[in-house]
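Printed here is query.txt (compact mmCIF, C-alpha atoms):
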# COMPACT_ATOMS: atom_id res chain seq x y z
CA MET G 1 -26.92 -0.46 -13.39
CA SER G 2 -25.11 -0.09 -10.08
CA ARG G 3 -27.19 -0.28 -6.94
CA ARG G 4 -27.66 3.04 -5.20
CA ARG G 5 -26.05 3.10 -1.76
CA LYS G 6 -28.51 3.61 1.08
CA GLY G 7 -27.87 6.35 3.59
CA ARG G 8 -26.86 9.97 3.47
CA ASP G 9 -23.61 11.56 2.33
CA VAL G 10 -21.51 12.01 5.48
CA ASN G 11 -17.84 13.03 5.23
CA GLY G 12 -15.29 13.24 8.02
CA ILE G 13 -13.65 11.40 10.90
CA LEU G 14 -15.25 10.57 14.22
CA VAL G 15 -13.05 9.43 17.10
CA ILE G 16 -14.79 6.97 19.41
CA ASP G 17 -13.68 5.89 22.88
CA LYS G 18 -14.35 2.20 22.34
CA PRO G 19 -15.77 0.39 25.38
CA GLN G 20 -14.62 -3.04 26.53
CA GLY G 21 -16.41 -6.20 25.45
CA VAL G 22 -17.51 -5.16 21.96
CA THR G 23 -15.83 -5.51 18.58
CA SER G 24 -14.58 -2.54 16.56
CA ASN G 25 -16.90 -3.52 13.72
CA GLY G 26 -19.83 -3.67 16.11
CA ILE G 27 -19.11 -0.09 17.18
CA LEU G 28 -18.68 0.97 13.55
CA GLN G 29 -22.07 -0.42 12.54
CA GLN G 30 -23.76 1.14 15.57
CA VAL G 31 -22.31 4.60 14.85
CA LYS G 32 -22.97 4.29 11.13
CA ARG G 33 -26.66 3.71 11.91
CA LEU G 34 -26.75 6.69 14.27
CA TYR G 35 -25.43 8.90 11.48
CA GLY G 36 -27.50 7.23 8.78
CA ALA G 37 -24.27 7.24 6.77
CA ALA G 38 -23.93 5.62 3.37
CA LYS G 39 -20.26 4.73 3.73
CA ALA G 40 -18.04 4.20 6.78
CA GLY G 41 -15.02 2.21 7.93
CA HIS G 42 -12.57 1.98 10.82
CA THR G 43 -8.80 2.34 10.74
CA GLY G 44 -7.56 -0.75 12.51
CA ALA G 45 -9.51 -2.96 14.88
CA LEU G 46 -9.14 -3.13 18.64
CA ASP G 47 -9.71 -6.47 20.37
CA PRO G 48 -12.96 -6.74 22.38
CA LEU G 49 -10.82 -6.62 25.55
CA ALA G 50 -9.29 -3.28 24.53
CA THR G 51 -10.73 0.21 25.00
CA GLY G 52 -9.81 3.65 23.77
CA VAL G 53 -9.16 5.61 20.60
CA LEU G 54 -10.94 4.20 17.55
CA PRO G 55 -11.10 6.61 14.58
CA LEU G 56 -14.03 5.98 12.23
CA CYS G 57 -13.98 7.33 8.67
CA PHE G 58 -17.08 8.44 6.78
CA GLY G 59 -17.51 9.08 3.07
CA GLU G 60 -14.56 10.81 1.46
CA ALA G 61 -12.43 10.30 4.58
CA THR G 62 -12.37 6.55 3.91
CA LYS G 63 -9.95 7.31 1.05
CA PHE G 64 -7.28 8.01 3.67
CA SER G 65 -7.96 5.06 5.98
CA GLN G 66 -4.81 3.21 4.86
CA MET G 67 -2.61 6.19 5.79
CA MET G 68 -4.31 6.25 9.17
CA LEU G 69 -3.85 2.51 9.56
CA ASP G 70 -0.12 2.97 8.90
CA SER G 71 0.26 5.63 11.62
CA ASP G 72 1.94 5.27 15.01
CA LYS G 73 -0.09 4.19 18.04
CA ALA G 74 0.11 4.60 21.83
CA TYR G 75 -1.29 2.43 24.63
CA ILE G 76 -1.47 1.93 28.36
CA THR G 77 -1.52 -1.74 29.28
CA THR G 78 -1.63 -3.82 32.44
CA ALA G 79 0.53 -6.94 32.40
CA ARG G 80 -0.48 -9.78 34.72
CA LEU G 81 2.74 -11.51 35.78
CA GLY G 82 3.19 -15.20 36.45
CA VAL G 83 0.43 -16.41 34.12
CA ARG G 84 0.61 -17.22 30.42
CA THR G 85 -2.57 -17.68 28.39
CA GLU G 86 -3.40 -19.16 25.02
CA THR G 87 -4.26 -15.79 23.50
CA GLY G 88 -1.78 -13.59 25.36
CA ASP G 89 -4.62 -11.80 27.16
CA SER G 90 -7.09 -12.48 29.97
CA GLU G 91 -9.71 -13.87 27.57
CA GLY G 92 -7.60 -16.94 26.79
CA LYS G 93 -7.21 -20.24 28.62
CA VAL G 94 -4.33 -20.39 31.12
CA VAL G 95 -1.49 -22.52 29.72
CA GLU G 96 1.22 -21.93 32.35
CA GLU G 97 1.62 -20.48 35.83
CA LYS G 98 4.90 -19.61 37.52
CA PRO G 99 5.81 -17.85 40.74
CA VAL G 100 6.65 -14.18 40.30
CA PRO G 101 10.14 -13.44 41.61
CA PRO G 102 10.68 -10.42 43.85
CA LEU G 103 10.99 -7.49 41.43
CA ASP G 104 11.85 -3.84 41.88
CA ALA G 105 11.62 -0.98 39.39
CA ASP G 106 15.32 -1.16 38.53
CA GLN G 107 15.09 -4.84 37.60
CA VAL G 108 12.04 -4.26 35.43
CA GLU G 109 13.68 -1.23 33.83
CA ALA G 110 16.70 -3.31 32.83
CA VAL G 111 14.40 -5.74 31.02
CA LEU G 112 12.28 -3.04 29.41
CA GLU G 113 15.40 -1.44 27.94
CA ARG G 114 15.89 -4.55 25.81
CA PHE G 115 12.55 -3.93 24.09
CA ARG G 116 12.99 -0.27 23.22
CA GLY G 117 13.88 0.90 19.74
CA ALA G 118 13.90 -1.32 16.67
CA ILE G 119 13.04 -4.92 17.59
CA GLU G 120 11.83 -8.12 15.91
CA GLN G 121 8.44 -9.41 17.00
CA VAL G 122 6.69 -12.71 16.24
CA PRO G 123 2.93 -12.03 15.85
CA SER G 124 0.49 -13.92 18.04
CA MET G 125 -1.38 -16.88 16.58
CA TYR G 126 -4.49 -15.07 17.77
CA SER G 127 -3.83 -12.02 15.57
CA ALA G 128 -5.80 -11.02 12.48
CA LEU G 129 -2.79 -11.44 10.20
CA LYS G 130 -3.70 -13.62 7.26
CA HIS G 131 -2.14 -16.88 6.08
CA LYS G 132 -3.40 -18.26 2.77
CA GLY G 133 -6.36 -15.88 2.93
CA ARG G 134 -7.45 -16.78 6.46
CA PRO G 135 -6.72 -14.86 9.68
CA LEU G 136 -4.31 -16.60 12.02
CA TYR G 137 -6.85 -16.73 14.84
CA GLU G 138 -9.01 -19.11 12.79
CA TYR G 139 -6.11 -21.56 12.57
CA ALA G 140 -5.43 -21.11 16.30
CA ARG G 141 -9.03 -21.97 17.18
CA GLU G 142 -8.65 -25.18 15.17
CA GLY G 143 -5.48 -26.05 17.05
CA ILE G 144 -3.25 -25.44 14.01
CA GLU G 145 0.09 -23.73 14.54
CA VAL G 146 1.32 -21.65 11.60
CA GLU G 147 4.94 -20.60 11.27
CA ARG G 148 5.14 -16.82 11.62
CA PRO G 149 8.32 -14.97 10.65
CA ALA G 150 9.45 -12.22 13.00
CA ARG G 151 8.56 -8.72 11.81
CA PRO G 152 10.42 -5.47 12.47
CA VAL G 153 8.64 -2.92 14.66
CA THR G 154 9.84 0.10 16.61
CA ILE G 155 9.02 0.81 20.25
CA TYR G 156 9.44 4.57 20.73
CA GLU G 157 8.41 4.57 24.39
CA LEU G 158 8.15 1.80 26.95
CA THR G 159 7.65 3.23 30.41
CA LEU G 160 6.90 1.50 33.70
CA LEU G 161 4.02 3.41 35.27
CA GLU G 162 3.41 1.22 38.32
CA LEU G 163 4.70 -2.09 39.68
CA ARG G 164 2.58 -4.21 42.01
CA ASP G 165 3.04 -7.74 43.43
CA ASN G 166 1.90 -9.56 40.31
CA GLU G 167 1.02 -6.74 37.92
CA MET G 168 2.62 -3.78 36.21
CA ASP G 169 1.25 -0.90 34.16
CA LEU G 170 3.17 0.14 31.05
CA ALA G 171 2.91 3.05 28.61
CA VAL G 172 3.81 2.06 25.05
CA SER G 173 4.28 4.17 21.94
CA CYS G 174 5.04 2.21 18.79
CA THR G 175 4.86 1.82 15.03
CA LYS G 176 2.00 0.17 13.17
CA GLY G 177 1.86 -3.61 13.35
CA THR G 178 3.09 -3.82 16.94
CA TYR G 179 1.22 -6.43 18.97
CA ILE G 180 1.01 -5.37 22.60
CA ARG G 181 0.05 -8.92 23.64
CA SER G 182 3.23 -10.26 22.05
CA LEU G 183 5.29 -7.48 23.64
CA VAL G 184 3.90 -8.25 27.11
CA GLU G 185 4.43 -11.99 26.61
CA ASP G 186 8.06 -11.39 25.59
CA ILE G 187 8.65 -9.11 28.59
CA GLY G 188 7.14 -11.73 30.89
CA GLN G 189 9.44 -14.38 29.44
CA ALA G 190 12.45 -12.10 29.94
CA LEU G 191 11.41 -11.62 33.57
CA GLY G 192 11.32 -15.39 33.98
CA CYS G 193 7.69 -15.71 35.03
CA GLY G 194 5.56 -15.17 31.94
CA ALA G 195 2.81 -12.57 31.53
CA HIS G 196 -0.36 -11.70 29.69
CA VAL G 197 -2.37 -8.54 29.00
CA SER G 198 -5.16 -8.05 31.52
CA ALA G 199 -6.13 -4.53 30.38
CA LEU G 200 -5.36 -2.49 27.26
CA ARG G 201 -6.32 1.08 26.44
CA ARG G 202 -5.31 2.82 23.21
CA THR G 203 -4.50 6.43 23.99
CA MET G 204 -3.45 7.63 20.53
CA ALA G 205 -4.01 6.62 16.91
CA SER G 206 -3.67 8.61 13.68
CA GLY G 207 -2.69 11.65 15.73
CA PHE G 208 -5.96 11.55 17.70
CA THR G 209 -5.98 11.14 21.48
CA LEU G 210 -8.59 10.39 24.12
CA ALA G 211 -9.22 14.15 24.33
CA ASN G 212 -10.74 13.90 20.82
CA ALA G 213 -12.83 10.81 21.59
CA HIS G 214 -16.58 10.50 22.16
CA ASP G 215 -18.60 7.80 23.90
CA VAL G 216 -21.31 6.06 21.89
CA SER G 217 -23.71 6.85 24.73
CA GLU G 218 -23.02 10.55 24.12
CA LEU G 219 -24.05 10.13 20.46
CA GLU G 220 -27.20 8.24 21.43
CA ALA G 221 -28.20 10.95 23.91
CA MET G 222 -27.70 13.64 21.27
CA ARG G 223 -29.90 11.74 18.82
CA GLU G 224 -32.63 11.36 21.45
CA ARG G 225 -32.54 15.15 21.97
CA GLY G 226 -32.82 15.68 18.22
CA GLU G 227 -29.34 17.21 17.95
CA SER G 228 -27.16 16.83 14.87
CA LEU G 229 -24.09 14.62 15.23
CA ASP G 230 -22.28 16.17 12.26
CA GLY G 231 -20.60 18.81 14.43
CA LEU G 232 -18.57 16.05 16.13
CA LEU G 233 -16.84 15.12 12.87
CA GLN G 234 -13.22 16.02 12.20
CA ALA G 235 -12.28 17.16 8.68
CA PRO G 236 -10.92 14.44 6.33
CA ASP G 237 -7.44 16.02 6.37
CA SER G 238 -7.22 16.17 10.18
CA ALA G 239 -5.42 12.81 10.28
CA LEU G 240 -2.88 13.77 7.60
CA SER G 241 -0.82 16.43 9.39
CA MET G 242 2.29 14.24 9.02
CA PHE G 243 2.39 15.23 5.34
CA PRO G 244 3.56 18.71 4.21
CA GLU G 245 1.03 21.20 2.86
CA VAL G 246 1.00 22.52 -0.72
CA ARG G 247 -1.36 25.26 -1.91
CA LEU G 248 -2.35 25.35 -5.56
CA GLU G 249 -3.95 28.17 -7.53
CA GLY G 250 -5.50 28.66 -10.92
CA SER G 251 -4.82 26.13 -13.64
CA ALA G 252 -2.68 23.93 -11.39
CA ALA G 253 -5.59 23.35 -9.00
CA VAL G 254 -7.99 22.71 -11.90
CA SER G 255 -5.61 20.19 -13.48
CA ILE G 256 -5.14 18.28 -10.23
CA LEU G 257 -8.90 18.17 -9.68
CA ASN G 258 -9.20 16.66 -13.14
CA GLY G 259 -6.75 13.93 -12.14
CA GLN G 260 -3.84 15.38 -14.11
CA GLN G 261 -0.23 15.68 -13.02
CA VAL G 262 1.14 19.20 -12.49
CA ARG G 263 4.57 20.74 -12.01
CA ILE G 264 5.23 23.49 -9.52
CA SER G 265 8.28 25.57 -8.65
CA SER G 266 11.00 23.76 -6.76
CA GLN G 267 10.31 23.11 -3.08
CA PRO G 268 11.93 20.63 -0.67
CA LEU G 269 9.19 18.08 -1.34
CA GLU G 270 9.23 14.34 -1.85
CA GLY G 271 6.58 11.74 -1.05
CA TYR G 272 2.98 12.41 -0.04
CA VAL G 273 1.75 16.00 0.33
CA ARG G 274 -1.58 17.55 1.31
CA LEU G 275 -3.11 19.68 -1.43
CA TYR G 276 -5.26 22.76 -0.85
CA GLY G 277 -7.03 25.10 -3.27
CA GLU G 278 -9.50 27.94 -3.01
CA GLN G 279 -12.22 25.51 -1.91
CA GLY G 280 -10.06 23.98 0.84
CA PHE G 281 -8.59 20.50 1.06
CA ILE G 282 -8.25 18.82 -2.35
CA GLY G 283 -6.58 15.55 -1.39
CA LEU G 284 -3.22 13.81 -1.39
CA ALA G 285 -0.60 13.84 -4.12
CA GLU G 286 2.84 12.30 -4.40
CA ALA G 287 5.72 14.71 -5.03
CA PHE G 288 8.70 13.84 -7.21
CA PRO G 289 11.65 16.29 -7.42
CA GLU G 290 12.65 17.16 -11.00
CA GLY G 291 15.57 19.54 -10.74
CA GLU G 292 14.12 23.04 -10.53
CA ARG G 293 10.54 21.74 -10.53
CA VAL G 294 8.45 19.28 -8.53
CA LEU G 295 6.03 16.87 -10.19
CA LEU G 296 2.78 16.35 -8.29
CA VAL G 297 0.88 13.15 -9.08
CA PRO G 298 -2.68 13.02 -7.63
CA ARG G 299 -3.30 9.92 -5.49
CA ARG G 300 -6.42 10.50 -3.36
CA LEU G 301 -8.75 13.39 -4.19
CA VAL G 302 -11.90 14.41 -2.33
CA LYS G 303 -15.13 15.50 -3.96
CA GLY G 304 -16.46 19.02 -3.78
CA SER G 305 -17.34 20.35 -0.34
CA ALA G 306 -16.05 17.24 1.44
CA GLY G 307 -12.66 18.93 1.77
CA ARG G 308 -13.96 22.11 3.36
Represent the supplied structure as structure tokens.
Amino acid sequence: MSRRRKGRDVNGILVIDKPQGVTSNGILQQVKRLYGAAKAGHTGALDPLATGVLPLCFGEATKFSQMMLDSDKAYITTARLGVRTETGDSEGKVVEEKPVPPLDADQVEAVLERFRGAIEQVPSMYSALKHKGRPLYEYAREGIEVERPARPVTIYELTLLELRDNEMDLAVSCTKGTYIRSLVEDIGQALGCGAHVSALRRTMASGFTLANAHDVSELEAMRERGESLDGLLQAPDSALSMFPEVRLEGSAAVSILNGQQVRISSQPLEGYVRLYGEQGFIGLAEAFPEGERVLLVPRRLVKGSAGR
């Protein structure tokens, strides 16, 4: 007999403005307790140094966490020039210091241009990428260097916001898997003085921005006043707007809900689509063109009222 999960049935997405100095999992566990939720997960960790947008998934919304993890991200970061650290951020031991040459915005812009668009990036040894089942940071803490192949990422936006004597603020918009610490280190190397991340704030993830985010202290205050936190939740499909919408009726909706494939009249569809029926959001299916018809194969379906 399977063990019954403790906690109540909570479904939806909550966007937290993560504070500095705590882990993403620490925030997740804290919020999960506040909700008394049976099931919850986050969609990509932020380092303790980092702040900002951290979407948390509850219940049926956890079925779409991988899609959210694969989404584009945006950040504002402060690069400290002239100092390289072990970890690529201000929490690591200093490994090299160099004088910062006189720089103006035009010089920095010329360097930034080299990092826009499709680039190859070598992940930091202090990343959570795994090698032989262990995260790289565990090897790094043991003084073991692991060969890391460069990985393709795309930098959509890389904007200089402010340049100071030994610091600069950058706005970055990028694909999944981009390491801002590695980007800042590479920019520092190109400038000839080295650099590390001294501040990092995620401003967008899974389509959510800071305007959607809540402080944990806000949740705690609501609980103390006896107010329900459920009204803060976003619907499970709110992070899936990148996929086209398909509405099903009658037998087609029933078949999909039973896990069966269905064919609908030809539409310009291919890949993942959002499915809706009379009861609201049904889930995700994958669409395959078949001449005058389209085959819909259910991939992630939500239960009952969770899609409303």
Practice item. Measure the distance from CA of Gln66 (chain G) to CA of Gln20 (chain G) in Å and round it to one decimal. Key: 24.6 Å
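Nearest residue to Gln121 (chain G) among G:Arg33, G:Gly291, G:Lys73, G:Val153 is G:Val153, counting all atoms listed in the file.
The two atoms in question, CA of Leu161 (chain G) and CA of Thr51 (chain G), are spaced 18.3 Å apart.
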Practice item. Please identify all polymer residues within 10 Å of Leu240 (chain G), counting only C-alpha atoms, omitting same-chain residues fewer than 6 positions from it, and present them as a PyMOL selection string. Key: chain G and resi 64+67-68+71+206-207+272-274+283-284
Exercise for review: Find, counting only C-alpha atoms, the residue in G:Leu248, G:Leu34, G:Leu112, G:Val53 that gets nearest to Asn212 (chain G).
Suggested key: G:Val53
Point to revise | Selected residue of minimal separation from Arg80 (chain G) among G:Asp9, G:Asp169, G:Glu145, G:Asp230, counting only C-alpha atoms | key: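 Closest residue, counting only C-alpha atoms: G:Asp169.
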**Study point:** Using only C-alpha atoms: which of G:Arg164, G:Arg300, G:Arg151, G:Lys176 has the shortest distance to Val122 (chain G)
**Key:**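 Looking at the shortest contact to Val122 (chain G), the residue is G:Arg151.
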Exercise for review: In the coordinate frame of the file, compute which residues have an atom within 12 Å of (-12.9, 16.0, 23.5) when using only C-alpha atoms, and state them as a list in words.
Suggested key: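 Nearby residues: Leu14, Val15, Ile16, Asp17, Val53, Phe208, Thr209, Leu210, Ala211, Asn212, Ala213, His214, Asp215, Glu218, Leu232, Leu233 and Gln234 of chain G.
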Revision key, fill the gap. Taken to one decimal, the CA of Thr159 (chain G)-CA of Gly177 (chain G) distance is 19.3 Å
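For the set G:Val262, G:Leu163, G:Leu28, G:Ile282, the residue with the smallest atom-to-atom gap to Val294 (chain G) is G:Val262, counting all atoms listed in the file.
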